[in-house]
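S.K.: I am attaching a structure below and will ask some questions about it afterwards.
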Amino acid sequence: MDDRPGQLPFMTDQSLPVVLPPAIADWYAARGWKPHAHQLAVVQQAQLGRSVLLIAPTGGGKTLAGFLPALAELAHRPPSKRRVAKLHTLYISPLKALAADIARNLETPVAEMGLQVRIETRTGDTSQARRGRQRTNPPDLLLTTPEQLALMLSYRDAHRIFGDLQYVVLDELHAMTNSKRGDLLSLGLARLHRLAPAARFIGLSATVADPGRLRRYLGEGDQVATVMGRAGAAPVLDILASAVRIPWAGHSARHALPDVYDAIRRNKTVLVFVNTRSQAEVVFQELWKLNDDNLPIALHHGSLDLRQRRKVEAAMVAGTLRAIVCTSTLDLGIDWGGVDLVVQIGAPKGIARTVQRIGRANHRIDEQSRALLVPANRFEVLECHAAIGAIAEGHMDAEEPRPGELDVLAQHVLGVACAAPFRADDLYAEVRFAAPYADLTRADFDQVLDFVGTGGYSLRQYERYRKLRQGSDGRWDVAHPGVSRQYRLNVGTIVESPMLRVKLRRGRNLGEVEEWFIEQLVPGDTFAFAGEVLRFEGIRDMVAEVSRSRDPEPKVPSYQGGKFPLSTFLASRVRKLLADPAAWSTLPAQLGDWLRIQQRKSTLPKVDQLLVETFPRGQRHFMVAYPFEGRLAHQTLGMLLTRRMHRAGLRPLGFLASEYAVAVWSLKPATEFDDLFSEDMLGDDLDAWMAESNLVKRSFRNVAIIAGLIDRRHPGQEKNRRQVTFSSDIIYEVLRKFEPDHILLKATWADAARGLLDVQRLADTLARVRGHIVHRDLQQVSPLAVPVLLDIGREAAPGRDIDEFLGSAAELIEDAMQEPEQD
Amino acid sequence: MQVNGATLAPDSSGGLWWAAERTLVFSDLHLEKASSLARRGYGLLPPYDTRATLAAIAAAISRYAPARVICLGDNFHDEGGSARLHPADREALVAMVAARDWIWLAGNHDPGLDGNLGGQIVEELHLGPLVFRHEPLPGIQPGEIAGHLHPKASVTVTGAQFTRRCFASDGHRVVMPAFGAFTGGLDLSHKAFRGLFRAGLHAWILGDRTVHRFPVRHGGFR
């Protein structure tokens with residue numbers, strides 16, 4: 001460590017020297033270190049009574065900075081044998097593994113400083129007995145997760161547990177906001193502000209585009225200071241220059257894997273990030289086919305059995321692995337010093353995630369991180385170039401702040417009632433202190449309160465079963481203790497889609513897979529999972545039984561894992577790159593040719609334009625639009641365009657959305673593009689479609705579980721499943737028919753519009769391109785259209801002969817790239 | 001659908017029409033299930049399940065104009081169910097029952113039934129080649145029309161999977177789907193169905209407007 005000054009918007013005030021207690025100052029001195037400027041700044045701001053947002057790259061002593069004010073205070077505490085144990089500092093992390101890791105890493109310096117500080121963790125894995133002890137005899141420092149905070153806040157003695165709290169440290173704050181989880185955390189923090197008036201909030205974050213948004217989570221106005229840590233060494237980023245032809249479509253990056261294997265061979269330890277679980281399985285298998293040297297290469301993703309994952313992590317800590325193929329499960333978390341290269345396979349999708357992933361290499365601030373980006377297809381090459389440009393210029397994608405969701409609020413309101421009776425006016429004021437709920441209307445709040453109390457139906461059938469009762473003093477309280485028990489079983493915002501355990505016949509557990517994936521298999525089908533090709537044998541007692549298969553290739557291609565949408569910011573960088581031929585010189589020659597032929601045969605859109613191409617192919621009329629706004633927004637656009645074309649009698653037959661483009665094919669050609677793409681499609685058409693959409697039904701299930709309408713689990717559920725469980729779709733239909741203005745339907749639509757349909761982004765896009773639509777009426781498919789047309793072939797329903805109207809991939813490419821005779 | 005010599009027509013609503021006897025059969029209405037769950041602290045589901053179920057019965061009745069209606073039991077979700085009926089729902093139900101021959105199958109499964117709703121309450125009913133009872137008896141039971149098990153099945157159509165309620169029959173007996181708005185289902189592959197059917201088992205899966213017949217192989221149905 002060194003003592004170069006960081007950039008400090010709130011400079012440490014020189015007239016107020018920061019005095020660290022001797023125990024801590026000596027600890028630094030004994031190691032020949034000096035505290036970082038940002039560490040001192042955090043201590044100073046906290047001692048002035050302010051909350052602090054510390055923005056710093058990983059590896060700069062950020063976590064220690066978060067704990068330093070608390071340790072300084074605890075060091076000043078007079079030693080006493082008969083002290084009443086009180087919770088002094090609460091640390092909240094997005095991952096329970098991180099909480100455990102930090103606890104271990106903190107024990108050492110605390111012991112070396114000679115401080116009498118008790119540190120404990122509390123996660124979903126902590127035993128009931130230990131949790132009980134933590135309530136009666138709390139540690140000084142408690143390390144936990146947002147869900148556990150919500151749970152603790154619902155205890156009847158929450159005011160006593162948290163009353164003397166001095167610090168709340170929020171690690172990786174950027175990863176805990178702008179989601180339902182962030183909503184719940186923000187409401188918990190608002191509660192802590194009320195219960196612990198002395199507490200200061202210290203948020204630790206990676207670099208973000210909009211620090212103000214994060215600061216608001218910690219408090220209002222000038223209660224919160226921002227401290228910037230010193231920027232780390234700039235990373236060294238390369239795009240894999242593969243000698244092979246760059247694929248037109250697809251996501252497996254198979255063509256580049258020999259080069260990736262080579263990179264693994266030439267480095268000590270490599271993290272190979274991919275974007276989906278199915279990609280992880282494919283890449284892992286392919287690498288092992290190439291693995292002539294038998295290098296220890298492991299696999300890590302969220303569906304694998306927990307013990308398997310822990311084993312891989314332990315091997316990594318022990319330094320016995322050369323590479324891990326992994327998904328976002330390793331974006332955050334445990335610090336592995338040994339990683340010397342990060343490989344990102346597939347498009348980066350966003351700058352923030354990419355920077356986070358790159359930071360996993362050389363987790364020390366003064367050493368450069370090295371990363372290799374491996375695009376899987378042509379558009380991804382553009383995306384990688386755009387990302388590298390943005391990172392070099394220090395730009396970040398900003399997250400659109402979103403209002404807090406009402407289902408989460410409903411959960412919180414019930415939790416508050418479980419802890420103590422409350423007045424509606426007080427809680428409304430408190431809730432608006434939470435950043436995402438600052439603009440919550442009283443009407444929405446009252447409707448949520450009514451929902452929590454009685455279900456919120458106009459048919460007042462449930463008065464006598466109500467969950468909340470209003471006392472004669474006007475305060476709301478839970479109607480009976482069963483309500484609190486039920487609440488505690490259901491706390492949290494992470495709703496898993498129904499999963500089935502995957503188990504080897506007469507063997508061990510391999511992990512979990514989405515139920516819908518297993519349901520489409522027939523016994524004998526093979527699929528890739530847990531790094532093996534497995535044969536599906538059948539479902540027994542809610543477990544998918546499998547055996548090992550000798551097939552080299554799985555018969556059922558893959559199952560989707562999570563998919564990240566292309567960030568708005570990165571999308572705009574890609575459009576900029578396309579519009580600027582001078583910048584193409586940095587691209588591989590194949591890409592340059594592709595774009596130049598596109599420009600001659602059709603055109604490339606300027607930054608503010610939307611290119612729409614039409615051309616006939618195989619008795620169909622194709623329309624391809626290139627908004628570059630991500631698959632979700634394109635899917636919604638495609639669906640709305642199809643509806644509209646259907647009404648206009650153009651007889652649309654189908655559509656396909658990719659990250660970059662949307663293609664619609666019809667029996668009659670589309671015309672009048674300004675009208676076709678006008679923003680009024682987001683009115684009645686959208687409403688009518690959403691009402692019937694399966695996506696919306698899926699949203700309803702999540703909303704109903706989070707809001708507490710449906711329990712995650714019932715006591716005794718397994719015994720009598722048929723009696724108690726039934727599809728949430730039915731509830732949705734009944735609610736829509738009899739109570740169309742119900743608050744949960746409102747929450748469901750907001751949830752679907754944001755999470756699944758990206759309606760806001762589509763709205764922004766349509767507004768952006770109004771009056772800037774460039775239409776090209778072509779005789780032939782264009783080079784730019786080839787990738788999305790190839791995707792059509794790839795995703796077509798089995799049994800339908802798509803070749804009949806598309807032609808083979810080779811023909812398609814040849815037609816597209818054929819140079820015109822004359823211009 | 002031929003069952004023990006009788007010609008029956010499964011309806012997409014979940015009702016079963018026996019034209020020769022002008023008889024319409026429903027099974028497992030589970031009226032007042034939402035209020036039953038609310039009462040036991042399982043959440044406050046929309047209190048409209050009875051209303052939705054009665055509306056579906058009324059719609060089926062207006063399509064077939066039956067002289068006789070048979071409800072196969074589990075008519076109410078629990079004891080006290082009929083006492084919890086909303087006055088408007090009770091009125092609608094009583095009027096429907098009074099307008100035709102109405103038979104409630106009860107046996108020991110319907111403590112919730114009360115005599116004030118009208119209709120006859122019987123444990124089991126023999127009509128021509130058919131016998132109506134709530135819970136299917138084990139072994140070979142020619143002509144048995146029963147409910148209780150809430151059968152459902154899944155089919156894959158052009159890559160997409162649908163799971164719906166269904167009738168299950170091998171031509172000798174029928175297990176009817178649950179009719180109630182908030183009733184769940186049990187997959188035909190579940191062990192509860194084992195031993196009930198001979199070869200030739202088919203599922204009549206409830207579509208939006210019509211029912212779809214599919215063969216079922218060895219209980220495994222995919």
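Labels for the structure tokens follow display order: chains A, B, ..., residues from 1 in each chain, ligands from 1.
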Could you build a table of the residues in chain B lying no more than 6 Å from chain A, giving for each the nearest pair of atoms and their separation in Å rounded to one decimal place, using only C-alpha atoms, ordered by chain and ascending residue number, as JSON lines?
M.R.:
{"residue": "B:Arg39", "atom": "CA", "partner": "A:Tyr465", "partner_atom": "CA", "distance": 5.8}
{"residue": "B:Gly43", "atom": "CA", "partner": "A:Leu709", "partner_atom": "CA", "distance": 5.5}
{"residue": "B:Leu44", "atom": "CA", "partner": "A:Gly455", "partner_atom": "CA", "distance": 5.3}
{"residue": "B:Gly184", "atom": "CA", "partner": "A:Phe726", "partner_atom": "CA", "distance": 4.0}
S.K.: Let's see if you can do this: from backbone DSSP, list all alpha helix (DSSP H) residues in segment 20-193 of chain B, as a PyMOL selection string.
M.R.: chain B and resi 33-39+49-64+87-98
S.K.: So how many Å separate atom CA of Val122 of chain B and atom CA of Val94 of chain B, to one decimal?
M.R.: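 Between these atoms lies a distance of 17.7 Å.
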S.K.: Go through A:Ala263, A:Ala392, A:Ala661, A:Ile597 one by one, measure the shortest atom-to-atom distance of each to Met623 of chain A using only C-alpha atoms, and give the residue with the smallest value.
M.R.: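 Closest residue, counting only C-alpha atoms: A:Ala661.
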S.K.: Calculated over only C-alpha atoms, which of the candidates A:Glu383, A:Glu147, A:Asp183, A:Glu399 has the smallest distance to Tyr217 of chain A?
M.R.: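 Comparing A:Glu383, A:Glu147, A:Asp183, A:Glu399 against Tyr217 of chain A, the winner is A:Asp183.
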S.K.: Any idea what's packed within 10 Å of Arg84 of chain B, counting only C-alpha atoms, ignoring anything in its chain fewer than 6 positions away? Could you give it as number ranges by chain?
M.R.: A: 461; B: 31-32, 35-36, 90, 112
S.K.: Next, dump the selected residues to file, keeping only N, CA and C atoms, as an mmCIF file, in the first residue's frame.
M.R.:
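Once everything was written out, this is part_10.cif:
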data_model
loop_
_atom_site.group_PDB
_atom_site.id
_atom_site.type_symbol
_atom_site.label_atom_id
_atom_site.label_comp_id
_atom_site.auth_asym_id
_atom_site.auth_seq_id
_atom_site.Cartn_x
_atom_site.Cartn_y
_atom_site.Cartn_z
ATOM 1 N N GLN A 461 -64.910 -9.822 1.993
ATOM 2 C CA GLN A 461 -65.209 -11.151 2.509
ATOM 3 C C GLN A 461 -64.309 -11.538 3.685
ATOM 4 N N LEU B 31 -66.181 -25.512 -3.768
ATOM 5 C CA LEU B 31 -66.669 -24.156 -3.513
ATOM 6 C C LEU B 31 -66.092 -23.625 -2.201
ATOM 7 N N GLU B 32 -65.894 -22.318 -2.158
ATOM 8 C CA GLU B 32 -65.364 -21.628 -0.968
ATOM 9 C C GLU B 32 -63.975 -22.119 -0.570
ATOM 10 N N SER B 35 -61.928 -18.961 0.767
ATOM 11 C CA SER B 35 -62.219 -18.568 2.149
ATOM 12 C C SER B 35 -61.747 -19.644 3.123
ATOM 13 N N SER B 36 -61.701 -20.895 2.648
ATOM 14 C CA SER B 36 -61.196 -21.960 3.504
ATOM 15 C C SER B 36 -59.710 -21.756 3.786
ATOM 16 N N ARG B 90 -75.053 -17.708 -2.864
ATOM 17 C CA ARG B 90 -75.999 -18.699 -2.347
ATOM 18 C C ARG B 90 -77.306 -18.633 -3.142
ATOM 19 N N GLY B 112 -69.434 -30.351 4.320
ATOM 20 C CA GLY B 112 -69.831 -28.959 4.079
ATOM 21 C C GLY B 112 -71.221 -28.807 3.501
#
S.K.: Rounded to one decimal place, report the atom CA of Ser82 of chain B-atom CA of His30 of chain B distance in Å.
M.R.: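 Here the two named atoms are 10.6 Å from each other.
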S.K.: Quick one: DSSP strand (DSSP E) residues in segment 54-208 of chain B, as a PyMOL selection string?
M.R.: chain B and resi 68-71+101-105+120-122+125-127+130-132+144-146+151-157+160-169+174-175+186-187+202-206
S.K.: Could you dump the residues just selected with C-alpha atoms as a tab-separated table (two decimals), in the first residue's frame?
M.R.:
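Ended up saving to selection-v9.tsv:
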chain	number	residue	atom	x	y	z
B	68	ARG	CA	-80.47	-33.62	-14.36
B	69	VAL	CA	-77.22	-32.39	-12.84
B	70	ILE	CA	-74.92	-34.63	-10.82
B	71	CYS	CA	-72.11	-33.18	-8.71
B	101	ASP	CA	-83.23	-32.57	-10.88
B	102	TRP	CA	-80.01	-31.98	-8.90
B	103	ILE	CA	-78.04	-34.68	-7.18
B	104	TRP	CA	-75.18	-34.06	-4.78
B	105	LEU	CA	-72.91	-37.00	-4.22
B	120	GLN	CA	-80.87	-34.73	-3.21
B	121	ILE	CA	-77.85	-35.86	-1.29
B	122	VAL	CA	-76.80	-39.44	-1.98
B	125	LEU	CA	-75.83	-43.36	-7.76
B	126	HIS	CA	-76.53	-46.19	-10.23
B	127	LEU	CA	-78.03	-45.13	-13.56
B	130	LEU	CA	-73.07	-46.26	-15.09
B	131	VAL	CA	-72.30	-45.83	-11.44
B	132	PHE	CA	-71.44	-42.40	-10.06
B	144	GLU	CA	-67.73	-46.04	-12.84
B	145	ILE	CA	-67.77	-42.21	-13.19
B	146	ALA	CA	-65.66	-40.73	-10.40
B	151	PRO	CA	-56.31	-35.57	-13.20
B	152	LYS	CA	-54.19	-33.34	-15.40
B	153	ALA	CA	-51.80	-34.12	-18.24
B	154	SER	CA	-49.16	-32.43	-20.34
B	155	VAL	CA	-48.74	-32.45	-24.07
B	156	THR	CA	-46.05	-30.94	-26.23
B	157	VAL	CA	-47.39	-29.21	-29.31
B	160	ALA	CA	-44.43	-25.76	-26.46
B	161	GLN	CA	-45.69	-27.69	-23.50
B	162	PHE	CA	-49.25	-27.40	-22.21
B	163	THR	CA	-50.40	-28.78	-18.89
B	164	ARG	CA	-54.15	-28.88	-18.51
B	165	ARG	CA	-56.88	-30.65	-16.60
B	166	CYS	CA	-58.19	-33.77	-18.32
B	167	PHE	CA	-60.67	-36.62	-18.31
B	168	ALA	CA	-59.04	-40.02	-18.05
B	169	SER	CA	-60.79	-43.08	-19.45
B	174	VAL	CA	-63.84	-42.35	-16.20
B	175	VAL	CA	-61.96	-40.13	-13.76
B	186	LEU	CA	-52.47	-34.34	-10.22
B	187	ASP	CA	-50.47	-35.61	-13.18
B	202	HIS	CA	-56.75	-41.91	-23.12
B	203	ALA	CA	-56.68	-38.39	-21.77
B	204	TRP	CA	-59.22	-35.84	-22.96
B	205	ILE	CA	-57.33	-32.63	-22.34
B	206	LEU	CA	-59.37	-29.48	-21.82
